[in-house]
>>> print(open('work_16.txt').read())   # compact mmCIF, C-alpha atoms
# COMPACT_ATOMS: atom_id res chain seq x y z
CA MET A 1 59.28 -89.15 91.56
CA LEU A 2 62.60 -89.19 89.78
CA LEU A 3 61.34 -92.02 87.63
CA ALA A 4 58.21 -90.05 86.74
CA VAL A 5 60.26 -87.00 85.82
CA VAL A 6 62.63 -88.97 83.66
CA ALA A 7 59.77 -90.81 81.98
CA SER A 8 57.93 -87.55 81.29
CA LEU A 9 60.98 -85.88 79.83
CA LEU A 10 61.71 -88.94 77.73
CA LEU A 11 58.16 -88.99 76.37
CA TYR A 12 58.27 -85.26 75.71
CA PHE A 13 61.49 -85.66 73.80
CA LEU A 14 60.31 -88.68 71.84
CA ASP A 15 57.00 -87.06 70.98
CA THR A 16 58.34 -83.74 69.81
CA ARG A 17 61.60 -84.74 68.16
CA LEU A 18 61.28 -88.19 66.67
CA ASP A 19 59.16 -89.14 63.75
CA TYR A 20 59.11 -92.86 64.29
CA PHE A 21 57.40 -92.39 67.62
CA LYS A 22 54.19 -91.69 65.70
CA PRO A 23 52.92 -95.29 65.59
CA VAL A 24 53.06 -95.40 69.39
CA ARG A 25 51.05 -92.24 69.58
CA MET A 26 48.63 -93.58 67.05
CA THR A 27 48.08 -96.71 69.09
CA LEU A 28 47.53 -94.67 72.24
CA SER A 29 45.03 -92.45 70.44
CA THR A 30 43.19 -95.51 69.22
CA VAL A 31 43.05 -96.88 72.74
CA VAL A 32 41.51 -93.71 74.16
CA TYR A 33 39.01 -93.30 71.32
CA PRO A 34 36.21 -95.02 73.31
CA VAL A 35 36.73 -92.49 76.10
CA GLN A 36 36.33 -89.64 73.65
CA LYS A 37 33.32 -91.30 72.11
CA LEU A 38 31.83 -91.66 75.58
CA ALA A 39 32.42 -88.00 76.33
CA SER A 40 30.63 -86.95 73.17
CA MET A 41 27.61 -89.07 74.01
CA PRO A 42 25.60 -86.54 76.04
CA ASP A 43 25.78 -84.11 73.15
CA ASP A 44 25.01 -86.77 70.55
CA PHE A 45 22.08 -87.87 72.64
CA THR A 46 20.59 -84.38 72.90
CA THR A 47 20.91 -83.99 69.15
CA TRP A 48 19.24 -87.32 68.60
CA PHE A 49 16.54 -86.45 71.12
CA ALA A 50 15.86 -83.12 69.46
CA ASP A 51 15.71 -84.80 66.06
CA PHE A 52 13.40 -87.48 67.31
CA PHE A 53 10.85 -85.13 68.78
CA GLN A 54 10.91 -82.69 65.93
CA GLY A 55 7.42 -81.98 64.76
CA HIS A 56 6.00 -83.38 61.58
CA ARG A 57 5.62 -79.91 60.17
CA GLN A 58 9.15 -78.90 60.97
CA LEU A 59 10.44 -81.94 59.18
CA ARG A 60 8.29 -81.25 56.16
CA GLU A 61 9.51 -77.67 56.07
CA LYS A 62 13.06 -78.86 56.32
CA ILE A 63 12.57 -81.33 53.48
CA MET A 64 10.98 -78.65 51.32
CA LYS A 65 13.86 -76.32 52.00
CA LEU A 66 16.43 -78.98 51.25
CA GLU A 67 14.66 -79.98 48.06
CA ALA A 68 14.60 -76.39 46.86
CA GLN A 69 18.26 -76.09 47.71
CA ASN A 70 19.00 -79.34 45.93
CA LEU A 71 17.24 -78.10 42.82
CA THR A 72 19.18 -74.85 42.67
CA ASN A 73 22.36 -76.73 43.38
CA SER A 74 21.84 -79.21 40.58
CA VAL A 75 20.97 -76.43 38.16
CA ARG A 76 24.16 -74.69 39.17
CA MET A 77 25.99 -77.99 38.84
CA GLN A 78 24.88 -78.44 35.26
CA LYS A 79 26.25 -75.05 34.43
CA MET A 80 29.39 -75.81 36.39
CA GLN A 81 29.90 -78.96 34.38
CA ALA A 82 29.65 -77.13 31.10
CA LEU A 83 32.01 -74.48 32.36
CA GLU A 84 34.39 -77.04 33.75
CA SER A 85 34.71 -78.94 30.51
CA GLU A 86 35.12 -75.69 28.65
CA ASN A 87 37.77 -74.61 31.10
CA MET A 88 39.53 -77.92 30.75
CA ARG A 89 39.50 -77.68 27.01
CA LEU A 90 40.96 -74.19 27.11
CA ARG A 91 43.60 -75.22 29.58
CA GLU A 92 44.46 -78.15 27.43
CA LEU A 93 44.93 -75.80 24.54
CA LEU A 94 47.26 -73.79 26.71
CA GLY A 95 49.07 -76.95 27.70
CA SER A 96 48.68 -76.59 31.45
CA SER A 97 47.46 -79.36 33.66
CA PHE A 98 44.91 -78.40 36.22
CA ARG A 99 42.32 -80.10 38.35
CA LEU A 100 38.98 -78.63 39.15
CA GLN A 101 37.28 -81.41 40.94
CA GLU A 102 38.59 -83.35 43.86
CA ARG A 103 37.02 -86.35 45.44
CA VAL A 104 35.76 -85.84 48.95
CA GLN A 105 34.76 -88.04 51.84
CA VAL A 106 32.36 -86.99 54.54
CA ALA A 107 33.32 -87.29 58.20
CA GLU A 108 31.59 -86.21 61.35
CA LEU A 109 33.00 -84.24 64.23
CA LEU A 110 33.17 -85.84 67.62
CA SER A 111 31.75 -83.31 70.03
CA VAL A 112 34.65 -83.31 72.42
CA ASP A 113 36.53 -80.35 73.82
CA LEU A 114 40.25 -80.75 73.69
CA ASP A 115 42.96 -78.69 75.29
CA PRO A 116 41.69 -75.10 74.98
CA PHE A 117 45.16 -73.88 73.98
CA TYR A 118 45.09 -75.84 70.77
CA GLN A 119 42.46 -75.38 68.09
CA HIS A 120 41.91 -79.03 67.36
CA VAL A 121 38.89 -81.20 66.71
CA ILE A 122 38.43 -84.95 66.47
CA ILE A 123 36.67 -86.51 63.50
CA ASP A 124 35.25 -90.01 63.34
CA LYS A 125 37.27 -91.28 60.36
CA GLY A 126 40.71 -92.72 60.79
CA GLU A 127 43.27 -94.84 59.11
CA THR A 128 40.73 -97.50 58.21
CA PHE A 129 39.10 -94.94 55.91
CA GLY A 130 42.37 -93.91 54.38
CA VAL A 131 42.73 -90.62 56.19
CA TYR A 132 46.33 -89.43 56.15
CA GLU A 133 48.34 -86.75 57.85
CA GLY A 134 48.14 -83.38 56.15
CA GLN A 135 44.88 -84.16 54.41
CA PRO A 136 42.83 -80.99 53.78
CA VAL A 137 39.54 -80.70 55.62
CA LEU A 138 36.67 -78.58 54.29
CA ASP A 139 33.12 -77.79 55.23
CA SER A 140 30.40 -76.64 52.88
CA LEU A 141 31.59 -73.05 52.94
CA GLY A 142 35.35 -73.27 52.88
CA VAL A 143 38.56 -74.67 54.25
CA MET A 144 38.50 -75.77 57.90
CA GLY A 145 42.00 -77.04 58.41
CA GLN A 146 44.07 -80.16 57.94
CA VAL A 147 44.54 -83.54 59.55
CA ALA A 148 47.28 -83.44 62.16
CA GLU A 149 47.25 -86.93 63.56
CA VAL A 150 45.65 -90.15 62.46
CA SER A 151 44.67 -93.08 64.62
CA GLN A 152 42.79 -96.23 63.75
CA PHE A 153 39.22 -94.95 63.95
CA SER A 154 39.58 -91.24 64.43
CA SER A 155 41.84 -88.37 63.54
CA ARG A 156 42.72 -85.00 64.94
CA VAL A 157 42.24 -81.95 62.76
CA VAL A 158 44.06 -78.63 63.23
CA LEU A 159 41.72 -75.76 62.51
CA LEU A 160 42.72 -72.64 60.62
CA THR A 161 42.50 -70.67 63.86
CA ASP A 162 45.25 -72.66 65.57
CA PRO A 163 48.26 -70.39 66.16
CA SER A 164 50.55 -73.02 64.70
CA HIS A 165 48.61 -73.27 61.46
CA SER A 166 49.28 -71.30 58.30
CA ILE A 167 47.74 -71.66 54.87
CA PRO A 168 48.90 -70.27 51.52
CA VAL A 169 46.20 -68.12 49.96
CA GLN A 170 45.52 -65.94 47.00
CA ILE A 171 43.27 -62.90 46.65
CA VAL A 172 40.57 -63.60 44.09
CA ARG A 173 40.44 -60.00 42.86
CA ASN A 174 44.08 -59.63 41.85
CA GLY A 175 45.81 -62.94 42.43
CA LEU A 176 48.10 -61.59 45.13
CA ARG A 177 49.60 -64.47 47.10
CA ALA A 178 50.04 -64.46 50.85
CA VAL A 179 49.98 -66.60 53.96
CA VAL A 180 47.16 -66.64 56.50
CA THR A 181 47.89 -67.69 60.06
CA GLY A 182 45.62 -68.52 62.99
CA ARG A 183 45.62 -66.64 66.27
CA GLY A 184 43.83 -68.90 68.69
CA LEU A 185 40.41 -69.46 70.18
CA GLY A 186 37.65 -67.22 68.85
CA GLU A 187 40.09 -64.92 67.09
CA ASN A 188 40.14 -64.02 63.46
CA LEU A 189 42.92 -65.04 61.15
CA GLN A 190 45.80 -62.82 60.21
CA MET A 191 47.35 -62.23 56.84
CA GLU A 192 51.05 -62.03 57.24
CA PHE A 193 54.13 -60.52 55.69
CA LEU A 194 52.47 -58.15 53.28
CA PRO A 195 54.17 -54.78 52.76
CA HIS A 196 52.37 -51.48 53.25
CA ASN A 197 51.83 -50.99 49.57
CA ALA A 198 50.12 -54.35 49.11
CA ASP A 199 46.88 -54.13 47.19
CA VAL A 200 44.49 -55.53 49.77
CA ARG A 201 41.06 -54.13 50.43
CA VAL A 202 38.36 -54.83 52.95
CA GLY A 203 35.97 -57.42 51.52
CA ASP A 204 38.56 -59.21 49.42
CA LEU A 205 37.87 -62.93 49.11
CA LEU A 206 40.77 -65.27 49.80
CA VAL A 207 41.04 -68.72 48.26
CA THR A 208 43.67 -71.40 48.62
CA SER A 209 46.52 -70.86 46.22
CA GLY A 210 47.59 -74.47 46.08
CA LEU A 211 51.21 -73.53 46.69
CA GLY A 212 52.88 -75.89 49.08
CA GLY A 213 50.93 -78.73 47.55
CA ARG A 214 48.83 -79.49 50.57
CA PHE A 215 45.56 -77.74 49.90
CA PRO A 216 43.77 -77.99 46.55
CA VAL A 217 43.48 -74.79 44.54
CA GLY A 218 40.55 -72.46 44.72
CA TYR A 219 38.69 -73.26 47.92
CA PRO A 220 37.50 -70.25 49.92
CA VAL A 221 39.51 -69.51 53.04
CA GLY A 222 38.03 -66.24 54.25
CA LYS A 223 37.31 -62.61 53.72
CA VAL A 224 39.39 -59.57 54.63
CA ILE A 225 37.58 -57.56 57.29
CA SER A 226 40.14 -54.96 58.23
CA VAL A 227 43.32 -53.56 56.79
CA ASN A 228 45.68 -51.43 58.87
CA PHE A 229 49.03 -49.95 58.08
CA PRO A 230 50.55 -49.28 61.48
CA GLN A 231 53.28 -46.66 61.57
CA GLY A 232 56.73 -47.98 62.24
CA LYS A 233 55.95 -51.59 61.48
CA SER A 234 57.27 -53.24 58.39
CA PHE A 235 54.16 -55.26 57.58
CA ALA A 236 50.50 -54.45 57.17
CA GLU A 237 48.00 -55.70 59.74
CA ILE A 238 45.29 -57.55 57.88
CA THR A 239 42.51 -59.44 59.62
CA VAL A 240 40.63 -62.20 57.90
CA THR A 241 37.44 -63.90 59.01
CA PRO A 242 37.29 -67.59 58.07
CA ALA A 243 34.75 -68.68 55.48
CA ALA A 244 34.11 -72.09 57.03
CA ARG A 245 31.89 -72.32 60.06
CA LEU A 246 34.62 -73.56 62.33
CA ALA A 247 32.52 -73.52 65.47
CA THR A 248 29.24 -74.92 64.20
CA SER A 249 29.92 -77.39 61.41
CA ARG A 250 29.25 -80.98 62.36
CA GLU A 251 29.96 -82.61 59.04
CA VAL A 252 33.29 -82.04 57.40
CA MET A 253 34.71 -83.17 54.10
CA LEU A 254 38.10 -84.75 53.62
CA VAL A 255 39.65 -84.11 50.25
CA LEU A 256 41.00 -87.26 48.69
CA PRO A 257 44.09 -87.07 46.57
CA GLY A 258 44.60 -88.60 43.19
CA GLU A 259 43.43 -88.34 39.64
CA LYS A 260 40.36 -86.53 38.50
CA ILE A 261 37.34 -88.65 39.17
CA ASP A 262 34.08 -88.74 37.34
CA PHE A 263 31.53 -86.20 38.42
CA GLY A 264 28.93 -88.62 39.70
CA ILE A 265 31.31 -90.21 42.14
CA THR A 266 32.65 -86.89 43.25
CA PHE A 267 29.42 -85.59 44.69
CA PRO A 268 27.18 -88.57 45.20
CA LEU A 269 25.01 -86.54 47.55
CA GLN A 270 24.16 -83.79 45.16
CA ILE A 271 23.51 -85.71 41.97
CA GLU A 272 20.57 -88.01 41.66
CA GLU A 273 21.04 -91.35 40.03
CA SER A 274 18.82 -90.40 37.14
CA ASP A 275 21.40 -87.78 36.25
CA LEU A 276 24.21 -90.26 35.99
CA PRO A 277 23.71 -91.59 32.46
CA ALA A 278 23.91 -88.05 31.14
CA LEU A 279 27.21 -87.64 32.89
CA GLU A 280 28.71 -90.74 31.44
CA GLU A 281 29.31 -88.90 28.20
CA GLN A 282 31.82 -86.77 30.02
CA PRO A 283 34.88 -89.08 30.12
CA ALA A 284 35.47 -88.75 26.40
CA ALA A 285 36.26 -85.09 26.91
CA ASP A 286 38.17 -85.80 30.09
CA ALA A 287 40.38 -88.62 28.93
CA PRO A 288 43.18 -86.55 27.40
CA ILE A 289 43.40 -84.46 30.53
CA THR A 290 44.02 -87.33 32.86
CA SER A 291 46.80 -88.50 30.64
CA SER A 292 48.36 -85.05 30.59
CA GLU A 293 48.29 -85.14 34.38
CA GLU A 294 50.15 -88.37 34.47
CA ASN A 295 52.85 -86.79 32.41
CA ASN A 296 52.97 -84.08 34.94
CA MET B 297 50.00 -98.79 106.18
CA VAL B 298 51.50 -101.50 104.07
CA LEU B 299 49.34 -104.10 105.76
CA VAL B 300 46.07 -102.42 104.74
CA LYS B 301 44.54 -104.54 102.05
CA PRO B 302 43.43 -102.62 98.98
CA GLN B 303 39.68 -102.57 98.80
CA HIS B 304 37.49 -101.37 96.01
CA SER B 305 40.30 -99.55 94.31
CA SER B 306 38.29 -99.78 91.09
CA VAL B 307 36.11 -97.01 92.54
CA ILE B 308 39.14 -94.72 92.39
CA TYR B 309 39.72 -95.48 88.73
CA ILE B 310 36.05 -94.98 87.91
CA THR B 311 36.07 -91.53 89.50
CA LEU B 312 39.23 -90.71 87.57
CA LEU B 313 37.64 -91.84 84.33
CA PHE B 314 34.61 -89.73 85.12
CA ALA B 315 36.89 -86.75 85.74
CA ILE B 316 38.54 -87.28 82.36
CA LEU B 317 35.11 -87.37 80.73
CA LEU B 318 34.24 -84.10 82.43
CA MET B 319 37.39 -82.60 80.93
CA LEU B 320 36.20 -83.62 77.45
CA VAL B 321 32.50 -82.81 77.53
CA PRO B 322 31.97 -79.87 75.21
CA LEU B 323 31.41 -76.45 76.71
CA PRO B 324 30.51 -73.19 74.97
CA ASP B 325 33.55 -71.26 73.82
CA THR B 326 33.08 -68.57 76.44
CA LEU B 327 33.29 -71.11 79.24
CA ARG B 328 36.11 -73.13 77.79
CA TYR B 329 38.85 -71.52 79.82
CA ALA B 330 36.72 -71.73 82.95
CA ARG B 331 36.57 -75.51 83.01
CA PRO B 332 37.86 -76.76 86.37
CA GLU B 333 40.82 -79.13 86.35
CA TRP B 334 38.62 -82.07 87.33
CA VAL B 335 41.31 -84.69 86.93
CA ALA B 336 43.87 -82.79 89.00
CA ILE B 337 41.54 -82.19 91.92
CA THR B 338 40.23 -85.75 91.87
CA LEU B 339 43.80 -87.01 91.96
CA ILE B 340 44.63 -84.60 94.77
CA TYR B 341 41.67 -85.81 96.80
CA TRP B 342 42.58 -89.46 96.49
CA ALA B 343 46.25 -88.81 97.11
CA MET B 344 45.31 -86.92 100.24
CA ALA B 345 42.83 -89.46 101.55
CA LEU B 346 44.61 -92.67 100.49
CA PRO B 347 48.24 -91.84 99.77
CA GLN B 348 49.10 -95.52 99.67
CA ARG B 349 46.63 -96.13 96.83
CA VAL B 350 47.07 -93.11 94.59
CA SER B 351 50.75 -92.56 94.26
CA ILE B 352 52.96 -90.83 91.72
CA GLY B 353 52.62 -93.79 89.38
CA VAL B 354 48.84 -93.55 89.16
CA ALA B 355 49.07 -89.78 88.73
CA TRP B 356 51.65 -90.12 86.00
CA PHE B 357 49.61 -92.67 84.14
CA THR B 358 46.42 -90.59 84.41
CA GLY B 359 48.39 -87.64 83.08
CA LEU B 360 49.53 -89.71 80.15
CA VAL B 361 45.93 -90.61 79.34
CA MET B 362 45.04 -86.92 79.54
CA ASP B 363 47.86 -86.05 77.16
CA VAL B 364 46.64 -88.54 74.61
CA VAL B 365 42.97 -87.70 75.00
CA THR B 366 43.42 -83.95 74.72
CA GLY B 367 45.97 -84.24 71.96
CA GLY B 368 48.74 -82.32 73.67
CA ILE B 369 52.40 -83.17 73.74
CA LEU B 370 52.93 -86.47 75.53
CA GLY B 371 54.38 -86.23 79.02
CA ILE B 372 53.19 -82.73 79.92
CA HIS B 373 50.14 -83.62 81.97
CA ALA B 374 51.92 -86.73 83.18
CA PHE B 375 54.75 -84.64 84.57
CA ALA B 376 52.43 -81.99 86.05
CA TYR B 377 50.21 -84.50 87.85
CA ALA B 378 53.12 -86.57 89.08
CA LEU B 379 54.78 -83.47 90.54
CA VAL B 380 51.62 -82.30 92.29
CA ILE B 381 50.84 -85.74 93.68
CA TYR B 382 54.40 -85.98 94.92
CA LEU B 383 53.84 -82.75 96.85
CA VAL B 384 50.48 -83.95 98.16
CA GLY B 385 52.10 -87.19 99.23
CA ARG B 386 54.64 -85.24 101.25
CA LEU B 387 52.04 -82.93 102.78
CA HIS B 388 48.91 -85.07 103.04
CA LEU B 389 48.96 -85.27 106.83
CA GLN B 390 49.00 -81.50 107.06
CA ILE B 391 46.43 -80.89 104.35
CA ARG B 392 43.98 -83.27 106.00
CA GLN B 393 44.00 -81.16 109.14
CA TYR B 394 43.33 -77.87 107.39
CA PRO B 395 39.87 -76.32 107.50
CA LEU B 396 38.11 -76.39 104.18
CA TRP B 397 38.90 -72.83 103.10
CA GLN B 398 42.57 -73.36 103.83
CA GLN B 399 42.47 -76.57 101.84
CA ALA B 400 40.99 -74.58 99.02
CA PHE B 401 44.05 -72.34 99.06
CA THR B 402 46.30 -75.35 98.89
CA ILE B 403 44.29 -76.54 95.91
CA LEU B 404 44.65 -73.10 94.37
CA SER B 405 48.41 -73.30 94.49
CA LEU B 406 48.58 -76.94 93.38
CA VAL B 407 46.26 -76.41 90.42
CA SER B 408 48.21 -73.28 89.52
CA LEU B 409 51.32 -75.39 89.41
CA VAL B 410 49.66 -77.93 87.12
CA HIS B 411 48.33 -75.18 84.93
CA PHE B 412 51.65 -73.40 84.79
CA ILE B 413 53.42 -76.54 83.55
CA VAL B 414 50.74 -77.19 80.95
CA MET B 415 50.85 -73.57 79.80
CA LEU B 416 54.60 -73.65 79.35
CA SER B 417 54.21 -76.06 76.49
CA ALA B 418 51.24 -74.33 74.84
CA PRO B 419 51.81 -72.12 71.80
CA ILE B 420 49.92 -69.09 73.11
CA SER B 421 50.57 -65.65 74.48
CA PHE B 422 49.82 -64.74 78.06
CA SER B 423 46.29 -63.81 79.06
CA TRP B 424 44.58 -63.70 82.44
CA ASN B 425 41.64 -65.51 80.91
CA HIS B 426 43.70 -68.68 80.77
CA TRP B 427 43.94 -68.72 84.55
CA LEU B 428 40.20 -68.84 85.11
CA THR B 429 40.43 -72.60 85.45
CA VAL B 430 42.52 -72.22 88.60
CA LEU B 431 39.79 -70.12 90.17
CA THR B 432 36.95 -72.44 89.20
CA SER B 433 38.93 -75.47 90.38
CA THR B 434 39.27 -73.85 93.79
CA LEU B 435 35.58 -73.02 93.87
CA VAL B 436 34.46 -76.56 93.07
CA TRP B 437 36.90 -78.12 95.53
CA PRO B 438 34.48 -78.18 98.52
CA LEU B 439 31.90 -79.90 96.33
CA VAL B 440 34.35 -82.43 94.93
CA TYR B 441 35.69 -83.04 98.41
CA ALA B 442 32.22 -83.73 99.83
CA VAL B 443 31.17 -85.97 96.95
CA LEU B 444 34.37 -88.01 96.87
CA ARG B 445 34.36 -88.41 100.65
CA LYS B 446 30.81 -89.69 100.44
CA ILE B 447 31.87 -92.12 97.72
CA ARG B 448 34.92 -93.25 99.66
CA ARG B 449 32.90 -93.89 102.81
CA SER B 450 29.95 -95.58 101.22
CA PHE B 451 32.12 -97.92 99.17
CA GLN B 452 34.65 -98.24 101.98
CA VAL B 453 37.52 -97.69 99.67
CA SER B 454 40.81 -98.14 101.40
>>> encode(input="work_16.txt", output="structure tokens")
Amino acid sequence: MLLAVVASLLLYFLDTRLDYFKPVRMTLSTVVYPVQKLASMPDDFTTWFADFFQGHRQLREKIMKLEAQNLTNSVRMQKMQALESENMRLRELLGSSFRLQERVQVAELLSVDLDPFYQHVIIDKGETFGVYEGQPVLDSLGVMGQVAEVSQFSSRVVLLTDPSHSIPVQIVRNGLRAVVTGRGLGENLQMEFLPHNADVRVGDLLVTSGLGGRFPVGYPVGKVISVNFPQGKSFAEITVTPAARLATSREVMLVLPGEKIDFGITFPLQIEESDLPALEEQPAADAPITSSEENN
Amino acid sequence: MVLVKPQHSSVIYITLLFAILLMLVPLPDTLRYARPEWVAITLIYWAMALPQRVSIGVAWFTGLVMDVVTGGILGIHAFAYALVIYLVGRLHLQIRQYPLWQQAFTILSLVSLVHFIVMLSAPISFSWNHWLTVLTSTLVWPLVYAVLRKIRRSFQVS
């Protein structure tokens, strides 16, 4: 018993205090990955089963819907591209370096419940795919969280709702900067340390501010749903509902760091190959910008 | 006791693995706090029935696996399980004699202990909801007991 106690305390100490204990943890996580994979199998199987026995008509409807969505998206994309290059040109004139487009990588959630006291999920991409600690994780609607721990084939992601997670944000309407912190399972987020006279209104959209250097600028984080100014407290009570579908998303996107990449590679899913030649003309306009970033 | 040859001890590890899987299988958010502590009660059963097979070492190691799998701080589950199995090891002769409902109360207190230790390390505020697992663990104990006893007898694990 004494041995067990000492060993536990030692592990606790090593795990919480020392950085170079991480490889050990990583190895252990890699070893237990099959167990987690096994646990997610019933759920995967039901999904597969449901997919398999989906009716012909349902599938057709789904394809139609997706095609329509794809069309609107690519139209929007074209406009985006024009706007982006215009934006870049203007920013270049102003002499500021700025990135609009980041490269992303798609990963899938492992349907496994972890400790209910932590808001964590496991994704099926690990070190072999170049995932690194602190990497931002998004879904199609907004920021989900960041990578907390990487193992060989999987990684653990802290969601925005985890009480230990905070993210620097900015209000779109007026550019006010603040920090949004999680509050645990099923709870909304909380905007912290804003004085009573802060200009925050219900319905304000929050995006990442990019301060702190971890999250890229301009991704939606959430929307303000209530603003209270409690008497006798020094800070306002502001509740924020997350933009990402934290509970239902199965596919997530990992933002890759690095220089601005060509459009076609950035969103290979949304651009058809026939569009690519048209895009190739882009780099000429982009070239000066990448160089200005290197100076930065 | 020492002379009893270990037989089919792999069955024990398979049930433990199964318990770990049950801890991981996704549940709806509303039921998440109500998930019974499958691993703890499985360990308690084996420690009670075969104290010479499932000792503190096995419990500690299972706890370590739990820590890694659930992504908590290493050593928390390991410590909690080892402590509980130590207690069971001291009391197994008594617990075996108890009627089932009284055993359930023992389980209640043991699982509470496990849960308390795990909660100490968690970054959350107090809520009665978080203690639902203790209740459900107690409720499933008769079932787990019956199933594991059946397994132990039919595979003649000793």
>>> closest_residue(input="work_16.txt", among="B:Ala345, B:Val321, B:Trp356, B:Leu404", to="B:Thr432", atoms="only C-alpha atoms")
B:Leu404
>>> atom_distance(input="work_16.txt", atom1="atom CA of B:Val430", atom2="atom CA of B:Val354")
22.3 Å
>>> residues_around(input="work_16.txt", residues="A:Pro168", least_positions_apart="4", cutoff="9 Å", atoms="only C-alpha atoms", output="ChimeraX atom specification")
/A:177-181,207-212,215
>>> residues_around(input="work_16.txt", residues="A:Val24", least_positions_apart="4", cutoff="12 Å", atoms="only C-alpha atoms", output="ChimeraX atom specification")
/A:11,14-15,18-20,28-31,149-152 /B:364,370
>>> atom_distance(input="work_16.txt", atom1="atom CA of A:Val158", atom2="atom CA of A:Met144")
8.2 Å
>>> interface_residues(input="work_16.txt", of="chain A", to="chain B", cutoff="6 Å", atoms="all atoms listed in the file", output="number ranges by chain")
A: 8, 11-12, 29, 39, 112-115
>>> atom_distance(input="work_16.txt", atom1="atom CA of B:Leu409", atom2="atom CA of B:Val380")
7.5 Å
>>> residues_around(input="work_16.txt", residues="stretch 222-224 of chain A", least_positions_apart="3", cutoff="6 Å", atoms="only C-alpha atoms", output="list in words")
Val202, Gly203, Asp204, Leu205, Leu206, Thr239, Val240, Thr241, Pro242 and Ala243 of chain A
>>> residues_around(input="work_16.txt", residues="A:Leu194", least_positions_apart="4", cutoff="9 Å", atoms="all atoms listed in the file", output="list in words")
Ala178, Val179, Ala198, Ser234, Phe235, Ala236, Glu237 and Ile238 of chain A
>>> closest_residue(input="work_16.txt", among="B:Val453, B:Pro332, B:Val350, B:Gln390", to="B:Leu431", atoms="only C-alpha atoms")
B:Pro332
>>> closest_residue(input="work_16.txt", among="A:Phe193, A:Trp48, A:Tyr219, A:Tyr33", to="A:Ile123", atoms="only C-alpha atoms")
A:Tyr33
